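Worksheet: the structure to be examined is printed underneath.
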Amino acid sequence: MRAATPSGRKFIVADLSVCIGCKTCMAACLMRHDAPGDVAVPRLTLVTTRTISAPVGCHHCAEAPCVDACPTGCLFSDDDHVGVHPEKCIGCRNCVLACPYGAVEIVTEKLPPEPEPTPEEAAAADAAAKDDKTAKGSRARARAKKRKRTRSTVVKCDLCTGHSGGPACAKACPTDALRLIDAQYLERARQGKRKAAARATASFASMKLNASLDEGE
């Protein structure tokens with residue numbers, strides 16, 4: 001029987017106690033994705049209320065509901081993260097509805113219209129269709145669709161995969177409020193909680209313990 005191993009997935013979370021709501025993280029994310037072939041939109045959103053200020057982004061869930069909701073396979077999940085195949089997006093927004101963190105967005109861009117057919121091409125198409133009214137109507141609808149072309153793209157955190165220096169948001173944060181959570185971080189957190197739980201049992205000890213033994217840990 002193979003032993004279970006910690007997940008290699010990573011995600012970004014914010015420490016509310018030091019976040020100042022400056023939106024530097026959003027600006028850094030936008031600049032990172034302001035490149036040809038990408039969408040210049042921040043992948044995390046600052047949420048502020050009377051008591052909290054924190055950016056929220058994708059958690060790259062192991063059982064990602066956005067992936068399950070996607071009908072075309074645009075969103076996929078592997079051992080490391082939840083990724084996107086942009087060319088498969090149809091703009092249905094199922095992923096937006098499914099994400100429990102509100103961390104998925106659909107951006108629809110207008111594309112330049114395709115060039116109109118030359119008179120010779122149009123005449124040839126008309127001749128091929130002859131008097132078929134249905135075919136003529138289909139061609140007219142196709143031409144109208146070409147004149148109003150759009151492209152939809154899923155926008156979500158990609159952990160700056162392929163870029164040196166790691167996630168741009170965490171690197172740019174002036175107060176170090178953003179933390180990259182990985183398997184090692186989670187294991188250290190679990191160990192700290194276990195030690196705290198073990199120390200809490202001191203009140204049930206039959207004899208007084210030497211608390212100084214824990215100093216320096």
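Ligands are numbered from 1 in the order shown, chains are lettered A, B, ... in the order of the structure tokens, and residues start at 1 in each chain.
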
Can you list every residue of stretch 50-109 of chain A that has an atom at most 9 Å from stretch 29-45 of chain A, with its nearest atom pair and the distance in Å to one decimal, using only C-alpha atoms, ordered by chain then number, as a Markdown table?
| residue | atom | partner | partner_atom | distance |
| --- | --- | --- | --- | --- |
| A:Ala54 | CA | A:Thr45 | CA | 8.2 |
| A:Pro55 | CA | A:Thr45 | CA | 5.1 |
| A:Val56 | CA | A:Thr45 | CA | 5.4 |
| A:Gly57 | CA | A:Leu44 | CA | 4.5 |
| A:Cys58 | CA | A:Leu44 | CA | 7.6 |
| A:Ala103 | CA | A:Leu44 | CA | 6.8 |
| A:Val104 | CA | A:Arg43 | CA | 8.1 |
| A:Glu105 | CA | A:Arg43 | CA | 8.5 |
| A:Val107 | CA | A:Val39 | CA | 8.1 |

Residues as selected, C-alpha atoms, written as a CSV table (one decimal), in the first residue's frame, can you do that?
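selection19.csv was written with the following content:
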chain,number,residue,atom,x,y,z
A,54,ALA,CA,-7.3,41.4,2.0
A,55,PRO,CA,-6.7,40.4,-1.6
A,56,VAL,CA,-8.5,37.2,-2.7
A,57,GLY,CA,-7.5,34.9,-5.5
A,58,CYS,CA,-7.6,31.3,-6.7
A,103,ALA,CA,-11.6,34.2,-8.0
A,104,VAL,CA,-12.6,33.3,-11.6
A,105,GLU,CA,-13.5,35.9,-14.2
A,107,VAL,CA,-13.0,38.6,-20.1

Test item, strand (DSSP E or B) assignment across stretch 50-104 of chain A, answer as a compact mmCIF listing (two decimals) with C-alpha atoms, in the first residue's frame:
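The file below, part.txt, is the result:
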# COMPACT_ATOMS: atom_id res chain seq x y z
CA SER A 53 -8.59 44.34 4.01
CA ALA A 54 -7.27 41.45 1.98
CA PRO A 55 -6.73 40.39 -1.64
CA VAL A 56 -8.54 37.20 -2.66
CA LEU A 75 -10.11 24.59 -17.07
CA PHE A 76 -8.02 21.62 -16.00
CA SER A 77 -6.45 20.33 -12.80
CA VAL A 82 -5.69 24.62 -11.78
CA GLY A 83 -4.76 25.77 -15.27
CA VAL A 84 -6.45 27.18 -18.35

(request) Show which residues sit within 9 Å of A:Ala28, as a ChimeraX atom specification. Count only C-alpha atoms, and ignore same-chain residues fewer than 6 positions away. (result) /A:42,168-173

Output file for the residues above (all heavy atoms, as a tab-separated table (two decimals), in the first residue's frame):
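The new file part_24.tsv reads:
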chain	number	residue	atom	x	y	z
A	42	PRO	N	-5.80	42.01	-13.42
A	42	PRO	CA	-5.27	41.39	-12.20
A	42	PRO	C	-6.00	40.11	-11.85
A	42	PRO	O	-7.22	40.02	-12.00
A	42	PRO	CB	-5.45	42.45	-11.13
A	42	PRO	CG	-6.46	43.41	-11.68
A	42	PRO	CD	-6.34	43.36	-13.17
A	168	ALA	N	4.16	37.50	-8.74
A	168	ALA	CA	4.52	38.92	-8.71
A	168	ALA	C	3.83	39.65	-7.57
A	168	ALA	O	4.40	40.60	-7.01
A	168	ALA	CB	4.13	39.57	-10.05
A	169	CYS	N	2.63	39.22	-7.20
A	169	CYS	CA	1.90	39.91	-6.13
A	169	CYS	C	2.62	39.81	-4.79
A	169	CYS	O	2.76	40.80	-4.08
A	169	CYS	CB	0.48	39.35	-6.03
A	169	CYS	SG	0.40	37.55	-5.73
A	170	ALA	N	3.07	38.60	-4.45
A	170	ALA	CA	3.77	38.40	-3.19
A	170	ALA	C	5.11	39.14	-3.18
A	170	ALA	O	5.52	39.70	-2.15
A	170	ALA	CB	3.98	36.92	-2.92
A	171	LYS	N	5.77	39.16	-4.32
A	171	LYS	CA	7.07	39.84	-4.40
A	171	LYS	C	6.93	41.34	-4.26
A	171	LYS	O	7.81	42.01	-3.69
A	171	LYS	CB	7.71	39.49	-5.75
A	171	LYS	CG	9.13	40.00	-5.92
A	171	LYS	CD	9.72	39.53	-7.23
A	171	LYS	CE	11.15	40.02	-7.40
A	171	LYS	NZ	11.74	39.55	-8.69
A	172	ALA	N	5.81	41.91	-4.73
A	172	ALA	CA	5.63	43.36	-4.71
A	172	ALA	C	5.03	43.89	-3.42
A	172	ALA	O	5.12	45.09	-3.16
A	172	ALA	CB	4.74	43.78	-5.89
A	173	CYS	N	4.43	43.04	-2.60
A	173	CYS	CA	3.72	43.50	-1.41
A	173	CYS	C	4.68	44.23	-0.44
A	173	CYS	O	5.66	43.65	0.01
A	173	CYS	CB	3.07	42.33	-0.69
A	173	CYS	SG	2.15	42.82	0.79

(message) For a test of reading the model, state the distance in Å between atom CA of A:Ala183 and atom CA of A:Ile20, rounded to one decimal.
(response)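 Atom CA of A:Ala183 sits 27.1 Å away from atom CA of A:Ile20.
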
(request) For A:Asp176, list every protein, DNA or RNA residue within 12 Å, evaluated using only C-alpha atoms, and leave out those in the same chain fewer than 2 positions away; present the list as a VMD selection string. (result) chain A and resid 12 to 20 24 to 25 169 to 174 178 to 180
